[in-house]
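Coordinates as given in model.txt (compact mmCIF, N, CA and C atoms):
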```txt
# COMPACT_ATOMS: atom_id res chain seq x y z
N MET A 1 -7.07 -7.92 -11.37
CA MET A 1 -7.18 -7.19 -10.13
C MET A 1 -6.99 -5.71 -10.43
N SER A 2 -7.87 -4.89 -9.89
CA SER A 2 -7.68 -3.44 -10.04
C SER A 2 -6.53 -3.00 -9.14
N GLU A 3 -5.96 -1.86 -9.47
CA GLU A 3 -4.82 -1.35 -8.70
C GLU A 3 -5.27 -0.96 -7.30
N PRO A 4 -4.52 -1.36 -6.28
CA PRO A 4 -4.88 -0.99 -4.91
C PRO A 4 -4.70 0.51 -4.69
N HIS A 5 -5.47 1.05 -3.78
CA HIS A 5 -5.44 2.48 -3.48
C HIS A 5 -5.54 2.67 -1.97
N VAL A 6 -4.76 3.59 -1.42
CA VAL A 6 -4.80 3.90 0.00
C VAL A 6 -5.64 5.15 0.22
N THR A 7 -6.59 5.05 1.12
CA THR A 7 -7.40 6.19 1.51
C THR A 7 -7.26 6.34 3.02
N LEU A 8 -6.86 7.52 3.46
CA LEU A 8 -6.68 7.77 4.89
C LEU A 8 -8.00 8.20 5.52
N ASP A 9 -8.28 7.67 6.69
CA ASP A 9 -9.48 8.04 7.43
C ASP A 9 -9.25 9.40 8.09
N PRO A 10 -9.99 10.41 7.69
CA PRO A 10 -9.74 11.74 8.24
C PRO A 10 -9.95 11.83 9.75
N ARG A 11 -10.72 10.92 10.32
CA ARG A 11 -10.96 10.95 11.76
C ARG A 11 -9.70 10.63 12.55
N GLY A 12 -8.75 9.94 11.93
CA GLY A 12 -7.53 9.56 12.63
C GLY A 12 -6.35 10.47 12.34
N LEU A 13 -6.58 11.59 11.68
CA LEU A 13 -5.49 12.47 11.28
C LEU A 13 -5.42 13.72 12.16
N ASP A 14 -4.18 14.14 12.43
CA ASP A 14 -4.01 15.42 13.11
C ASP A 14 -4.08 16.53 12.06
N ALA A 15 -3.95 17.78 12.49
CA ALA A 15 -4.12 18.92 11.58
C ALA A 15 -3.11 18.91 10.43
N VAL A 16 -1.86 18.58 10.73
CA VAL A 16 -0.82 18.55 9.69
C VAL A 16 -1.10 17.42 8.70
N GLN A 17 -1.42 16.25 9.22
CA GLN A 17 -1.72 15.11 8.35
C GLN A 17 -2.93 15.41 7.47
N GLU A 18 -3.93 16.06 8.03
CA GLU A 18 -5.12 16.39 7.25
C GLU A 18 -4.76 17.35 6.12
N LYS A 19 -3.90 18.30 6.40
CA LYS A 19 -3.48 19.26 5.37
C LYS A 19 -2.72 18.57 4.24
N LEU A 20 -1.97 17.53 4.59
CA LEU A 20 -1.15 16.80 3.61
C LEU A 20 -1.82 15.50 3.14
N ARG A 21 -3.07 15.34 3.44
CA ARG A 21 -3.78 14.08 3.16
C ARG A 21 -3.66 13.63 1.71
N GLY A 22 -3.93 14.50 0.76
CA GLY A 22 -3.86 14.12 -0.66
C GLY A 22 -2.50 13.61 -1.07
N PRO A 23 -1.43 14.40 -0.83
CA PRO A 23 -0.09 13.92 -1.18
C PRO A 23 0.31 12.64 -0.42
N LEU A 24 -0.11 12.53 0.85
CA LEU A 24 0.19 11.30 1.60
C LEU A 24 -0.49 10.09 0.97
N GLU A 25 -1.76 10.25 0.63
CA GLU A 25 -2.49 9.15 -0.01
C GLU A 25 -1.83 8.77 -1.32
N ASP A 26 -1.40 9.77 -2.10
CA ASP A 26 -0.73 9.49 -3.38
C ASP A 26 0.55 8.71 -3.16
N GLN A 27 1.36 9.13 -2.18
CA GLN A 27 2.63 8.46 -1.92
C GLN A 27 2.40 7.03 -1.41
N LEU A 28 1.45 6.87 -0.49
CA LEU A 28 1.15 5.54 0.05
C LEU A 28 0.61 4.62 -1.04
N THR A 29 -0.27 5.16 -1.88
CA THR A 29 -0.83 4.36 -2.97
C THR A 29 0.26 3.93 -3.95
N SER A 30 1.13 4.85 -4.30
CA SER A 30 2.23 4.53 -5.22
C SER A 30 3.12 3.43 -4.64
N ALA A 31 3.45 3.55 -3.36
CA ALA A 31 4.30 2.54 -2.72
C ALA A 31 3.59 1.18 -2.67
N LEU A 32 2.30 1.19 -2.37
CA LEU A 32 1.54 -0.08 -2.32
C LEU A 32 1.44 -0.71 -3.70
N GLN A 33 1.20 0.09 -4.72
CA GLN A 33 1.09 -0.45 -6.08
C GLN A 33 2.42 -1.05 -6.54
N ALA A 34 3.52 -0.36 -6.25
CA ALA A 34 4.84 -0.90 -6.61
C ALA A 34 5.13 -2.18 -5.84
N ALA A 35 4.78 -2.19 -4.56
CA ALA A 35 4.98 -3.40 -3.75
C ALA A 35 4.15 -4.56 -4.29
N THR A 36 2.93 -4.26 -4.69
CA THR A 36 2.05 -5.30 -5.23
C THR A 36 2.66 -5.92 -6.48
N GLU A 37 3.19 -5.09 -7.36
CA GLU A 37 3.82 -5.60 -8.57
C GLU A 37 5.05 -6.47 -8.25
N ARG A 38 5.88 -6.02 -7.31
CA ARG A 38 7.06 -6.81 -6.94
C ARG A 38 6.67 -8.15 -6.32
N VAL A 39 5.70 -8.12 -5.42
CA VAL A 39 5.27 -9.36 -4.76
C VAL A 39 4.61 -10.28 -5.78
N ARG A 40 3.77 -9.73 -6.64
CA ARG A 40 3.11 -10.54 -7.68
C ARG A 40 4.15 -11.21 -8.58
N ALA A 41 5.18 -10.47 -8.96
CA ALA A 41 6.20 -11.00 -9.87
C ALA A 41 7.04 -12.10 -9.23
N SER A 42 7.18 -12.05 -7.92
CA SER A 42 8.03 -13.05 -7.25
C SER A 42 7.23 -14.08 -6.46
N TYR A 43 5.91 -14.05 -6.58
CA TYR A 43 5.07 -14.98 -5.81
C TYR A 43 5.39 -16.42 -6.20
N ALA A 44 5.61 -17.24 -5.17
CA ALA A 44 5.98 -18.65 -5.42
C ALA A 44 5.19 -19.60 -4.53
N GLY A 45 3.90 -19.31 -4.35
CA GLY A 45 3.05 -20.24 -3.62
C GLY A 45 3.00 -20.04 -2.11
N GLU A 46 3.53 -18.93 -1.61
CA GLU A 46 3.50 -18.69 -0.17
C GLU A 46 2.06 -18.53 0.32
N PRO A 47 1.82 -18.80 1.61
CA PRO A 47 0.48 -18.61 2.16
C PRO A 47 0.10 -17.12 2.18
N ILE A 48 -1.19 -16.85 2.22
CA ILE A 48 -1.70 -15.48 2.18
C ILE A 48 -1.10 -14.63 3.29
N GLU A 49 -0.97 -15.17 4.49
CA GLU A 49 -0.43 -14.39 5.61
C GLU A 49 0.98 -13.89 5.30
N GLN A 50 1.78 -14.74 4.68
CA GLN A 50 3.15 -14.35 4.33
C GLN A 50 3.14 -13.31 3.20
N VAL A 51 2.25 -13.46 2.25
CA VAL A 51 2.14 -12.50 1.15
C VAL A 51 1.69 -11.14 1.71
N CYS A 52 0.76 -11.16 2.65
CA CYS A 52 0.30 -9.93 3.28
C CYS A 52 1.45 -9.22 4.00
N GLN A 53 2.25 -9.96 4.73
CA GLN A 53 3.39 -9.36 5.44
C GLN A 53 4.41 -8.83 4.45
N ARG A 54 4.65 -9.56 3.36
CA ARG A 54 5.58 -9.07 2.33
C ARG A 54 5.08 -7.78 1.71
N LEU A 55 3.77 -7.70 1.45
CA LEU A 55 3.21 -6.47 0.90
C LEU A 55 3.45 -5.30 1.85
N LEU A 56 3.22 -5.52 3.13
CA LEU A 56 3.44 -4.47 4.12
C LEU A 56 4.91 -4.07 4.16
N ASP A 57 5.79 -5.05 4.22
CA ASP A 57 7.23 -4.76 4.28
C ASP A 57 7.70 -4.03 3.03
N GLU A 58 7.27 -4.49 1.87
CA GLU A 58 7.67 -3.87 0.61
C GLU A 58 7.10 -2.46 0.48
N THR A 59 5.87 -2.26 0.94
CA THR A 59 5.28 -0.93 0.89
C THR A 59 6.06 0.02 1.78
N ARG A 60 6.33 -0.40 3.01
CA ARG A 60 7.09 0.45 3.93
C ARG A 60 8.49 0.74 3.38
N ALA A 61 9.10 -0.23 2.72
CA ALA A 61 10.45 -0.02 2.16
C ALA A 61 10.44 1.05 1.08
N GLY A 62 9.30 1.27 0.44
CA GLY A 62 9.19 2.25 -0.61
C GLY A 62 8.84 3.65 -0.13
N LEU A 63 8.76 3.82 1.18
CA LEU A 63 8.37 5.10 1.76
C LEU A 63 9.53 5.75 2.49
N HIS A 64 9.45 7.06 2.68
CA HIS A 64 10.39 7.77 3.54
C HIS A 64 10.28 7.12 4.93
N PRO A 65 11.40 6.94 5.64
CA PRO A 65 11.36 6.26 6.95
C PRO A 65 10.35 6.86 7.93
N ASP A 66 10.18 8.18 7.95
CA ASP A 66 9.22 8.79 8.87
C ASP A 66 7.78 8.43 8.50
N ILE A 67 7.51 8.39 7.21
CA ILE A 67 6.16 8.02 6.76
C ILE A 67 5.93 6.53 7.00
N ALA A 68 6.94 5.72 6.71
CA ALA A 68 6.83 4.27 6.92
C ALA A 68 6.55 3.95 8.38
N ALA A 69 7.21 4.67 9.29
CA ALA A 69 7.04 4.41 10.72
C ALA A 69 5.61 4.70 11.18
N GLY A 70 4.96 5.66 10.54
CA GLY A 70 3.60 6.02 10.92
C GLY A 70 2.52 5.34 10.11
N PHE A 71 2.92 4.49 9.17
CA PHE A 71 1.95 3.82 8.30
C PHE A 71 1.44 2.56 8.96
N ASN A 72 0.20 2.61 9.43
CA ASN A 72 -0.45 1.47 10.07
C ASN A 72 -1.76 1.18 9.35
N PRO A 73 -1.67 0.43 8.25
CA PRO A 73 -2.87 0.21 7.44
C PRO A 73 -3.85 -0.74 8.12
N ASP A 74 -5.06 -0.70 7.64
CA ASP A 74 -6.08 -1.68 8.04
C ASP A 74 -5.62 -3.01 7.44
N MET A 75 -5.18 -3.91 8.28
CA MET A 75 -4.60 -5.16 7.78
C MET A 75 -5.62 -6.05 7.09
N ASP A 76 -6.89 -5.94 7.43
CA ASP A 76 -7.91 -6.70 6.71
C ASP A 76 -7.95 -6.26 5.25
N GLU A 77 -7.92 -4.95 5.04
CA GLU A 77 -7.91 -4.43 3.68
C GLU A 77 -6.61 -4.79 2.96
N PHE A 78 -5.52 -4.67 3.69
CA PHE A 78 -4.22 -4.97 3.10
C PHE A 78 -4.15 -6.43 2.68
N CYS A 79 -4.68 -7.31 3.50
CA CYS A 79 -4.64 -8.74 3.17
C CYS A 79 -5.58 -9.09 2.02
N ARG A 80 -6.58 -8.24 1.76
CA ARG A 80 -7.42 -8.46 0.58
C ARG A 80 -6.57 -8.32 -0.70
N VAL A 81 -5.61 -7.41 -0.65
CA VAL A 81 -4.68 -7.27 -1.78
C VAL A 81 -3.86 -8.55 -1.91
N ALA A 82 -3.42 -9.10 -0.78
CA ALA A 82 -2.64 -10.34 -0.79
C ALA A 82 -3.46 -11.48 -1.39
N VAL A 83 -4.73 -11.56 -1.03
CA VAL A 83 -5.61 -12.59 -1.58
C VAL A 83 -5.69 -12.44 -3.10
N ALA A 84 -5.81 -11.21 -3.58
CA ALA A 84 -5.88 -10.98 -5.02
C ALA A 84 -4.59 -11.40 -5.70
N VAL A 85 -3.44 -11.17 -5.06
CA VAL A 85 -2.16 -11.60 -5.62
C VAL A 85 -2.13 -13.11 -5.73
N VAL A 86 -2.53 -13.78 -4.65
CA VAL A 86 -2.50 -15.26 -4.64
C VAL A 86 -3.48 -15.81 -5.67
N ARG A 87 -4.68 -15.29 -5.73
CA ARG A 87 -5.66 -15.77 -6.71
C ARG A 87 -5.23 -15.47 -8.13
N GLY A 88 -4.61 -14.33 -8.34
CA GLY A 88 -4.15 -13.96 -9.67
C GLY A 88 -3.02 -14.82 -10.17
N ALA A 89 -2.27 -15.41 -9.24
CA ALA A 89 -1.14 -16.27 -9.62
C ALA A 89 -1.61 -17.55 -10.29
N GLY A 90 -2.85 -17.95 -9.99
CA GLY A 90 -3.36 -19.19 -10.56
C GLY A 90 -3.93 -19.04 -11.94
N THR A 91 -3.96 -17.81 -12.45
CA THR A 91 -4.56 -17.61 -13.78
C THR A 91 -3.51 -17.49 -14.84
```
Turn this file's structure into structure tokens for me.
Amino acid sequence: MSEPHVTLDPRGLDAVQEKLRGPLEDQLTSALQAATERVRASYAGEPIEQVCQRLLDETRAGLHPDIAAGFNPDMDEFCRVAVAVVRGAGT
């Protein structure tokens, strides 16, 4: 599985968020990648929905509380990462 990456949709950003878009994407991506590694390492056969929620919880835990509170990812994309974790566990 390639490393997950967060890309913010510029249409949904205010002026301050747009100005900080690059650093925000870097921080969100770093938190998601760390969460993916933790979830992958502790995966024990849970269903995809539970893995997806763990990824979200772990990602938010790795962020500053203000950033975590505003982080509302596309859950379809987020759950694709969960699917990759589950499929990767079988190899």
Restrict the calculation to all atoms listed in the file, then for each residue of range 66-87 of chain A with any atom at most 6 Å from an atom of range 49-60 of chain A give the closest atom pair and their distance in Å to one decimal, rows by chain and rising residue number, as CSV.
```
residue,atom,partner,partner_atom,distance
A:Ala68,CA,A:Arg60,CA,4.9
A:Phe78,C,A:Cys52,CA,5.7
A:Cys79,CA,A:Cys52,CA,5.1
A:Ala82,CA,A:Cys52,N,4.9
```
What would the file look like if the residues just selected were written as a short mmCIF file (atom, residue, chain, number, x, y, z; two decimals), keeping the file's coordinate frame with N, CA and C atoms?
```
data_model
loop_
_atom_site.label_atom_id
_atom_site.label_comp_id
_atom_site.auth_asym_id
_atom_site.auth_seq_id
_atom_site.Cartn_x
_atom_site.Cartn_y
_atom_site.Cartn_z
N ALA A 68 6.94 5.72 6.71
CA ALA A 68 6.83 4.27 6.92
C ALA A 68 6.55 3.95 8.38
N PHE A 78 -5.52 -4.67 3.69
CA PHE A 78 -4.22 -4.97 3.10
C PHE A 78 -4.15 -6.43 2.68
N CYS A 79 -4.68 -7.31 3.50
CA CYS A 79 -4.64 -8.74 3.17
C CYS A 79 -5.58 -9.09 2.02
N ALA A 82 -3.42 -9.10 -0.78
CA ALA A 82 -2.64 -10.34 -0.79
C ALA A 82 -3.46 -11.48 -1.39
#
```
(request) State, in Å with one decimal place, the distance from CA of Ala89 in chain A to CA of Arg38 in chain A. (result) 12.8 Å
(message) Quick check, in Å to one decimal: how far apart do atom N of Thr29 in chain A and CA of Val6 in chain A lie?
(response) 5.1 Å
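Atom pair CA of His5 in chain A / CA of Ala44 in chain A: separated by 24.1 Å.
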(request) Mind the document's chain letters and residue numbers, and return as a VMD selection string the residues of range 26-74 of chain A that DSSP labels alpha helix (DSSP H). (result) chain A and resid 26 to 42 48 to 61 65 to 70
